[in-house]
file coords_32.cif (mmCIF, C-alpha atoms and all ligand atoms)
data_coords
loop_
_atom_site.label_atom_id
_atom_site.label_comp_id
_atom_site.auth_asym_id
_atom_site.auth_seq_id
_atom_site.Cartn_x
_atom_site.Cartn_y
_atom_site.Cartn_z
CA MET A 1 -22.45 6.91 8.34
CA THR A 2 -19.71 7.92 5.92
CA THR A 3 -16.21 6.83 6.74
CA LYS A 4 -13.32 9.18 6.08
CA TYR A 5 -9.67 8.18 5.98
CA THR A 6 -6.64 10.44 5.85
CA GLY A 7 -3.02 9.66 5.21
CA LYS A 8 0.40 11.03 4.42
CA CYS A 9 3.87 10.08 3.25
CA LEU A 10 6.94 9.86 5.46
CA CYS A 11 8.04 13.50 4.93
CA GLY A 12 4.50 14.92 4.97
CA ASP A 13 4.63 16.63 1.54
CA VAL A 14 1.92 14.34 0.17
CA THR A 15 -1.39 14.04 2.00
CA TYR A 16 -4.70 12.48 1.04
CA THR A 17 -8.30 12.17 2.11
CA VAL A 18 -10.70 9.43 1.05
CA VAL A 19 -14.39 9.24 1.79
CA GLY A 20 -16.29 5.96 1.73
CA SER A 21 -15.43 2.30 2.09
CA PRO A 22 -12.77 0.39 0.17
CA VAL A 23 -13.79 -2.05 -2.54
CA VAL A 24 -11.25 -4.49 -1.11
CA VAL A 25 -8.17 -4.59 1.10
CA ALA A 26 -5.56 -6.90 -0.39
CA GLN A 27 -2.10 -8.13 0.48
CA CYS A 28 0.10 -8.85 -2.54
CA HIS A 29 3.32 -10.84 -2.72
CA CYS A 30 4.12 -10.36 -6.41
CA GLU A 31 7.68 -9.54 -7.38
CA GLU A 32 6.78 -5.94 -8.29
CA CYS A 33 5.19 -5.36 -4.87
CA ARG A 34 8.19 -6.90 -3.16
CA ARG A 35 10.59 -4.56 -4.97
CA LEU A 36 8.26 -1.58 -4.57
CA SER A 37 8.02 -2.03 -0.81
CA GLY A 38 11.50 -3.36 -0.15
CA THR A 39 9.86 -6.10 1.90
CA GLY A 40 7.77 -9.22 1.34
CA HIS A 41 4.44 -7.70 0.37
CA THR A 42 2.29 -4.64 0.02
CA ILE A 43 -1.12 -4.11 1.61
CA GLY A 44 -3.45 -1.81 -0.27
CA ALA A 45 -7.02 -0.57 0.05
CA MET A 46 -8.78 -0.06 -3.29
CA PHE A 47 -11.18 2.88 -3.60
CA ALA A 48 -13.09 4.57 -6.40
CA SER A 49 -10.70 7.23 -7.76
CA ASP A 50 -13.24 10.03 -7.38
CA ALA A 51 -13.48 9.32 -3.63
CA VAL A 52 -9.79 10.16 -3.18
CA ARG A 53 -8.20 13.62 -2.99
CA VAL A 54 -4.40 13.73 -3.06
CA SER A 55 -2.29 16.84 -2.63
CA GLY A 56 1.47 17.27 -2.93
CA LYS A 57 4.02 16.43 -5.58
CA LEU A 58 3.95 12.83 -6.81
CA SER A 59 6.37 10.91 -8.99
CA ILE A 60 4.79 8.21 -11.20
CA PHE A 61 6.41 4.98 -12.37
CA LYS A 62 4.63 2.82 -14.97
CA TYR A 63 5.09 -0.78 -16.06
CA SER A 64 3.17 -3.56 -17.81
CA SER A 65 1.67 -6.34 -15.71
CA ASP A 66 2.01 -9.94 -16.83
CA LYS A 67 -1.68 -9.74 -17.82
CA GLY A 68 -0.79 -6.92 -20.23
CA SER A 69 -2.43 -4.09 -18.31
CA GLU A 70 -0.60 -0.89 -17.44
CA VAL A 71 0.24 -0.36 -13.78
CA SER A 72 1.14 3.07 -12.37
CA LYS A 73 2.77 3.55 -8.99
CA ALA A 74 2.66 6.99 -7.41
CA PHE A 75 5.32 7.99 -4.89
CA CYS A 76 6.06 11.11 -2.91
CA ALA A 77 8.55 12.94 -5.15
CA ASN A 78 10.55 13.94 -2.07
CA CYS A 79 10.70 10.93 0.30
CA GLY A 80 9.68 8.08 -2.01
CA SER A 81 6.82 6.69 0.10
CA PRO A 82 4.49 4.61 -2.10
CA ILE A 83 1.13 6.41 -1.95
CA TYR A 84 -1.08 4.57 -4.42
CA GLY A 85 -1.17 2.27 -7.42
CA GLN A 86 -3.48 2.15 -10.42
CA ASN A 87 -4.10 -0.65 -12.89
CA THR A 88 -5.89 -0.26 -16.24
CA ARG A 89 -7.69 -3.55 -15.44
CA MET A 90 -9.65 -1.62 -12.79
CA PRO A 91 -10.28 1.77 -14.40
CA ASN A 92 -11.51 4.57 -12.14
CA HIS A 93 -10.03 2.92 -9.07
CA LEU A 94 -6.84 3.35 -7.14
CA THR A 95 -5.20 1.41 -4.35
CA LEU A 96 -3.80 3.33 -1.39
CA SER A 97 -0.89 1.87 0.57
CA LEU A 98 -2.42 0.97 3.91
CA GLY A 99 0.76 1.86 5.82
CA THR A 100 0.41 5.52 4.79
CA MET A 101 -3.03 5.81 6.42
CA ASP A 102 -3.21 7.74 9.68
CA ASP A 103 -5.84 5.44 11.14
CA ALA A 104 -6.95 2.30 9.33
CA SER A 105 -9.28 1.20 12.14
CA GLY A 106 -11.95 -1.11 10.83
CA LEU A 107 -9.93 -2.18 7.80
CA ASN A 108 -8.54 -5.70 7.59
CA VAL A 109 -6.84 -7.73 4.87
CA GLU A 110 -9.60 -9.60 3.02
CA VAL A 111 -7.55 -11.39 0.41
CA VAL A 112 -3.93 -12.43 -0.23
CA ILE A 113 -2.74 -12.61 -3.84
CA PHE A 114 0.45 -13.98 -5.39
CA GLU A 115 0.81 -16.18 -2.30
CA ARG A 116 2.90 -18.38 -4.62
CA ASP A 117 5.62 -15.68 -4.56
CA ARG A 118 5.56 -15.09 -0.81
CA PRO A 119 9.17 -15.23 0.46
CA HIS A 120 9.80 -17.67 3.31
CA TRP A 121 11.12 -14.80 5.44
CA ASP A 122 7.77 -13.00 5.18
CA ARG A 123 6.11 -15.62 7.37
CA LEU A 124 7.23 -15.30 10.99
CA GLY A 125 7.38 -18.17 13.43
CA GLU A 126 6.15 -17.85 17.01
CA GLU A 127 9.75 -18.17 18.25
CA VAL A 128 10.71 -14.77 16.73
CA ALA A 129 11.53 -12.28 19.48
CA SER A 130 9.13 -9.34 19.45
CA PHE A 131 9.48 -5.96 21.20
CA PRO A 132 6.77 -3.30 21.60
CA THR A 133 9.22 -0.54 20.56
CA GLN A 134 12.90 -0.20 19.54
CA PRO A 135 14.73 -2.26 22.19
CA ASP A 136 18.14 -1.62 23.75
CA TRP A 137 19.04 -5.03 22.32
CA LYS A 138 21.56 -5.17 19.46
CA PRO A 139 22.04 -8.12 17.10
ZN ZN A 201 7.13 12.50 1.32
ZN ZN A 202 1.65 -7.04 -6.29
#
call {"tool": "encode", "arguments": {"input": "coords_32.cif", "output": "C-alpha cells"}}
result
Amino acid sequence: MTTKYTGKCLCGDVTYTVVGSPVVVAQCHCEECRRLSGTGHTIGAMFASDAVRVSGKLSIFKYSSDKGSEVSKAFCANCGSPIYGQNTRMPNHLTLSLGTMDDASGLNVEVVIFERDRPHWDRLGEEVASFPTQPDWKP
C-alpha cells in the first residue's frame, strides 16, 4: 500500500503532495528552528525530494549550518508558512513541516534533536490549563 500525504500553507497558495513514507520524523529545538517557527521547535517529516510535488509561489531563505552545510527554507511567498527545508548534508531529500500536512495520521515524532537548546517554556507541566478550542476565558 502506498501512502499519500497532502498539505498546504495558511493562505492556500502553496499546496503539495507526497507519495511514500518519510525517512524520519524529527523534532528540532535548534535556534534556527525556534526563530523560523516563532515557537520552541519545528517538527518535520523528511522525504526523498522526487516523491514530493509542490505547487505555488515559494520564497527561499538560505543560511549555513554550524556543520558548514547549506540549509534552505522554503516559505509561502504570500503568507509566510514554512513549507519545507533542505540541507546539503542530505542531498535529494527535503523535510516538510508537519503542521502544514492535511492529515498526518500514522506519523509520529521518532527523534528529538538539539534537545540541549529546548526552551524551558516548550515543556508543559500537567498543571497547565488546557481547552479543546478557543475558550471564553481571557488572561
Ligand atoms: Zn500561503
Ligand atoms: Zn533545527
call {"tool": "residues_near_ligand", "arguments": {"input": "coords_32.cif", "ligand": "ligand ZN 201 (chain A)", "cutoff": "6 Å", "atoms": "all atoms listed in the file", "output": "ChimeraX atom specification"}}
result
/A:9-14,76,78-79,81
call {"tool": "atom_distance", "arguments": {"input": "coords_32.cif", "atom1": "atom CA of A:Thr100", "atom2": "atom CA of A:Thr88"}}
result
22.7 Å
call {"tool": "closest_residue", "arguments": {"input": "coords_32.cif", "among": "A:Ile60, A:Val71, A:Ala26, A:Val18", "to": "A:Met101", "atoms": "all atoms listed in the file"}}
result
A:Val18
call {"tool": "closest_atom_pairs", "arguments": {"input": "coords_32.cif", "of": "chain A", "to": "ligand ZN 202 (chain A)", "cutoff": "9 Å", "atoms": "all atoms listed in the file", "output": "CSV"}}
result
residue,atom,partner,partner_atom,distance
A:Gln27,CA,A:ZN202,ZN,7.8
A:Cys28,CA,A:ZN202,ZN,4.4
A:His29,CA,A:ZN202,ZN,5.5
A:Cys30,CA,A:ZN202,ZN,4.1
A:Glu31,CA,A:ZN202,ZN,6.6
A:Glu32,CA,A:ZN202,ZN,5.6
A:Cys33,CA,A:ZN202,ZN,4.2
A:Arg34,CA,A:ZN202,ZN,7.3
A:Leu36,CA,A:ZN202,ZN,8.7
A:His41,CA,A:ZN202,ZN,7.3
A:Thr42,CA,A:ZN202,ZN,6.8
A:Ile43,CA,A:ZN202,ZN,8.9
A:Ile113,CA,A:ZN202,ZN,7.5
A:Phe114,CA,A:ZN202,ZN,7.1
call {"tool": "atom_distance", "arguments": {"input": "coords_32.cif", "atom1": "atom CA of A:Leu96", "atom2": "atom CA of A:Gly7"}}
result
9.2 Å
call {"tool": "atom_distance", "arguments": {"input": "coords_32.cif", "atom1": "atom CA of A:Ser37", "atom2": "atom CA of A:Ser65"}}
result
16.8 Å
call {"tool": "closest_residue", "arguments": {"input": "coords_32.cif", "among": "A:Gly56, A:Gly44, A:Pro22, A:Gly38", "to": "A:Ala77", "atoms": "all atoms listed in the file"}}
result
A:Gly56
call {"tool": "closest_residue", "arguments": {"input": "coords_32.cif", "among": "A:Thr3, A:Ser105, A:Ser55, A:Ser64", "to": "A:Asn87", "atoms": "all atoms listed in the file"}}
result
A:Ser64
call {"tool": "residues_near_point", "arguments": {"input": "coords_32.cif", "point": "(-13.7, -0.4, 8.7)", "cutoff": "12 Å", "atoms": "all atoms listed in the file", "output": "list in words"}}
result
Met1, Thr2, Thr3, Lys4, Tyr5, Val19, Gly20, Ser21, Pro22, Val23, Val24, Val25, Ala45, Asp103, Ala104, Ser105, Gly106, Leu107, Asn108, Val109 and Glu110 of chain A
call {"tool": "write_last_selection", "arguments": {"input": "coords_32.cif", "atoms": "C-alpha atoms", "output": "PDB file, in the frame of the given file"}}
result
ATOM      1  CA  MET A   1     -22.450   6.910   8.340  1.00  0.00           C
ATOM      2  CA  THR A   2     -19.710   7.920   5.920  1.00  0.00           C
ATOM      3  CA  THR A   3     -16.210   6.830   6.740  1.00  0.00           C
ATOM      4  CA  LYS A   4     -13.320   9.180   6.080  1.00  0.00           C
ATOM      5  CA  TYR A   5      -9.670   8.180   5.980  1.00  0.00           C
ATOM      6  CA  VAL A  19     -14.390   9.240   1.790  1.00  0.00           C
ATOM      7  CA  GLY A  20     -16.290   5.960   1.730  1.00  0.00           C
ATOM      8  CA  SER A  21     -15.430   2.300   2.090  1.00  0.00           C
ATOM      9  CA  PRO A  22     -12.770   0.390   0.170  1.00  0.00           C
ATOM     10  CA  VAL A  23     -13.790  -2.050  -2.540  1.00  0.00           C
ATOM     11  CA  VAL A  24     -11.250  -4.490  -1.110  1.00  0.00           C
ATOM     12  CA  VAL A  25      -8.170  -4.590   1.100  1.00  0.00           C
ATOM     13  CA  ALA A  45      -7.020  -0.570   0.050  1.00  0.00           C
ATOM     14  CA  ASP A 103      -5.840   5.440  11.140  1.00  0.00           C
ATOM     15  CA  ALA A 104      -6.950   2.300   9.330  1.00  0.00           C
ATOM     16  CA  SER A 105      -9.280   1.200  12.140  1.00  0.00           C
ATOM     17  CA  GLY A 106     -11.950  -1.110  10.830  1.00  0.00           C
ATOM     18  CA  LEU A 107      -9.930  -2.180   7.800  1.00  0.00           C
ATOM     19  CA  ASN A 108      -8.540  -5.700   7.590  1.00  0.00           C
ATOM     20  CA  VAL A 109      -6.840  -7.730   4.870  1.00  0.00           C
ATOM     21  CA  GLU A 110      -9.600  -9.600   3.020  1.00  0.00           C
TER      22      GLU A 110
END
call {"tool": "residues_around", "arguments": {"input": "coords_32.cif", "residues": "A:Val54", "least_positions_apart": "5", "cutoff": "7 Å", "atoms": "only C-alpha atoms", "output": "mmCIF file with C-alpha atoms, in the frame of the given file"}}
result
data_model
loop_
_atom_site.group_PDB
_atom_site.id
_atom_site.type_symbol
_atom_site.label_atom_id
_atom_site.label_comp_id
_atom_site.auth_asym_id
_atom_site.auth_seq_id
_atom_site.Cartn_x
_atom_site.Cartn_y
_atom_site.Cartn_z
ATOM 1 C CA THR A 15 -1.390 14.040 2.000
ATOM 2 C CA TYR A 16 -4.700 12.480 1.040
ATOM 3 C CA THR A 17 -8.300 12.170 2.110
#
call {"tool": "closest_residue", "arguments": {"input": "coords_32.cif", "among": "A:Lys8, A:Gly40, A:Leu98, A:Asp50", "to": "A:His120", "atoms": "all atoms listed in the file"}}
result
A:Gly40
call {"tool": "closest_residue", "arguments": {"input": "coords_32.cif", "among": "A:Pro91, A:Asp136, A:Met46, A:Asp66", "to": "A:Val111", "atoms": "only C-alpha atoms"}}
result
A:Met46
